[in-house]
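Everything below concerns the one structure shown next.
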Amino acid sequence: MKRVWLPRGALVAALAGIAWLSLRPVGDSTLDRAVAACGNGYLHLPAYAVLAGLFIGVLGRTPRRILASGIAAAAYGWLLEVAQRAVPTRHFNLRGLALDAAGAAFACLAALAVRAVVARRSARRRGAA
């Protein structure tokens with residue numbers, strides 16, 4: 001029996017965690033100071049790279065599904081940016097959208113590169129046999 005609950009559970013947890021971080025009001029908490037020290041927008045890159053990677057794990061590793069995973073992650077970022085307009089201490093930010101898309105694109109390019117390396121090694125093994 002194939003275990004699909006782990007990647008799906010990780011994806012749901014990441015979606016919930018990113019939503020919580022994106023939609024909570026900004027204040028003077030330790031978390032807010034730590035994020036401000038890193039640069040508010042720069043955490044978008046790794047967050048959406050991980051999110052796209054989790055989508056790839058759930059949707060599959062064909063080129064079309066990898067592309068769909070990147071689009072899904074970037075679309076989720078867009079949705080959260082729009083939803084931030086309803087939070088008093090947040091606002092819609094084009095830089096956030098660009099960083100979300102860049103993080104998702106990085107994960108997709110990495111997945112395609114790994115896929116190409118694995119395919120090349122498999123072809124070499126078949127040729128050597």
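All residue names refer to the structure tokens as shown: chains lettered A, B, ... in order, residues numbered from 1 in each chain, ligands numbered from 1 in order.
For region 23-39 of chain A, the non-local neighbours within 12 Å, defined as residues at least 5 positions apart in the same chain or in other chains and counting only C-alpha atoms, are Leu15, Ala16, Gly17, Ile18, His44, Leu45, Gly77, Leu79, Leu80, Glu81, Val82, Ala83, Gln84, Arg85, Ala86, Val87, Pro88, Thr89, Arg90, His91, Phe92 and Gly96 of chain A.
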Contacts of region 52-66 of chain A within 10 Å, only C-alpha atoms, excl. fewer than 2 positions in-chain, as a ChimeraX atom specification:
/A:4-12,14-15,46-50,68-74,100-101,103-112,115
Could the residues in this selection be saved with C-alpha atoms as an mmCIF file, in the first residue's frame?
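The result, stored in selection22.cif:
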```cif
data_model
loop_
_atom_site.group_PDB
_atom_site.id
_atom_site.type_symbol
_atom_site.label_atom_id
_atom_site.label_comp_id
_atom_site.auth_asym_id
_atom_site.auth_seq_id
_atom_site.Cartn_x
_atom_site.Cartn_y
_atom_site.Cartn_z
ATOM 1 C CA VAL A 4 0.436 9.195 0.263
ATOM 2 C CA TRP A 5 -0.646 10.726 3.541
ATOM 3 C CA LEU A 6 2.839 11.947 4.458
ATOM 4 C CA PRO A 7 3.449 14.242 1.456
ATOM 5 C CA ARG A 8 -0.162 15.418 1.516
ATOM 6 C CA GLY A 9 0.003 16.078 5.247
ATOM 7 C CA ALA A 10 3.241 18.018 4.840
ATOM 8 C CA LEU A 11 1.663 20.061 2.034
ATOM 9 C CA VAL A 12 -1.408 20.876 4.125
ATOM 10 C CA ALA A 14 2.922 24.110 4.850
ATOM 11 C CA LEU A 15 -0.176 25.728 3.348
ATOM 12 C CA PRO A 46 12.544 29.631 0.671
ATOM 13 C CA ALA A 47 8.926 29.334 1.797
ATOM 14 C CA TYR A 48 7.549 29.117 -1.726
ATOM 15 C CA ALA A 49 10.424 26.926 -2.933
ATOM 16 C CA VAL A 50 9.524 24.430 -0.200
ATOM 17 C CA ALA A 68 1.572 22.816 -12.422
ATOM 18 C CA SER A 69 3.189 22.629 -8.984
ATOM 19 C CA GLY A 70 5.053 25.878 -9.537
ATOM 20 C CA ILE A 71 1.910 27.584 -10.792
ATOM 21 C CA ALA A 72 -0.061 26.279 -7.801
ATOM 22 C CA ALA A 73 2.524 27.585 -5.329
ATOM 23 C CA ALA A 74 2.726 30.999 -7.027
ATOM 24 C CA ASP A 100 6.840 33.920 -4.258
ATOM 25 C CA ALA A 101 7.070 33.195 -7.986
ATOM 26 C CA GLY A 103 10.914 30.650 -5.034
ATOM 27 C CA ALA A 104 8.407 28.414 -6.832
ATOM 28 C CA ALA A 105 10.374 28.696 -10.090
ATOM 29 C CA PHE A 106 13.602 27.756 -8.316
ATOM 30 C CA ALA A 107 12.015 24.569 -6.956
ATOM 31 C CA CYS A 108 10.637 23.674 -10.382
ATOM 32 C CA LEU A 109 13.986 24.228 -12.100
ATOM 33 C CA ALA A 110 15.718 22.159 -9.440
ATOM 34 C CA ALA A 111 13.178 19.343 -9.876
ATOM 35 C CA LEU A 112 13.609 19.395 -13.654
ATOM 36 C CA ARG A 115 14.842 14.616 -13.287
#
```
Between CA of Arg95 (chain A) and CA of Leu67 (chain A), distance in Å (one decimal)
21.6 Å
Running DSSP on the backbone, which parts of region 67-110 of chain A land in alpha helix (DSSP H), as a ChimeraX atom specification?
/A:67-83,94-110
A:Tyr76, A:Arg125, A:Gly41, A:Ala113 ranked by distance to Asn93 (chain A), top pick (using only C-alpha atoms):
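For Asn93 (chain A), the nearest of the candidates is A:Gly41.
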Between CA of Ala98 (chain A) and CA of Leu43 (chain A), what is the spacing in Å?
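Distance reported for this atom pair: 12.1 Å.
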Could you work out how far CA of Leu97 (chain A) lies from CA of Ala13 (chain A), giving the answer in Å with one decimal?
20.9 Å
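Nearest residue to Ala19 (chain A), choosing from A:Ala116, A:Leu99, A:Leu51, A:Ala123 and counting only C-alpha atoms: A:Leu51.
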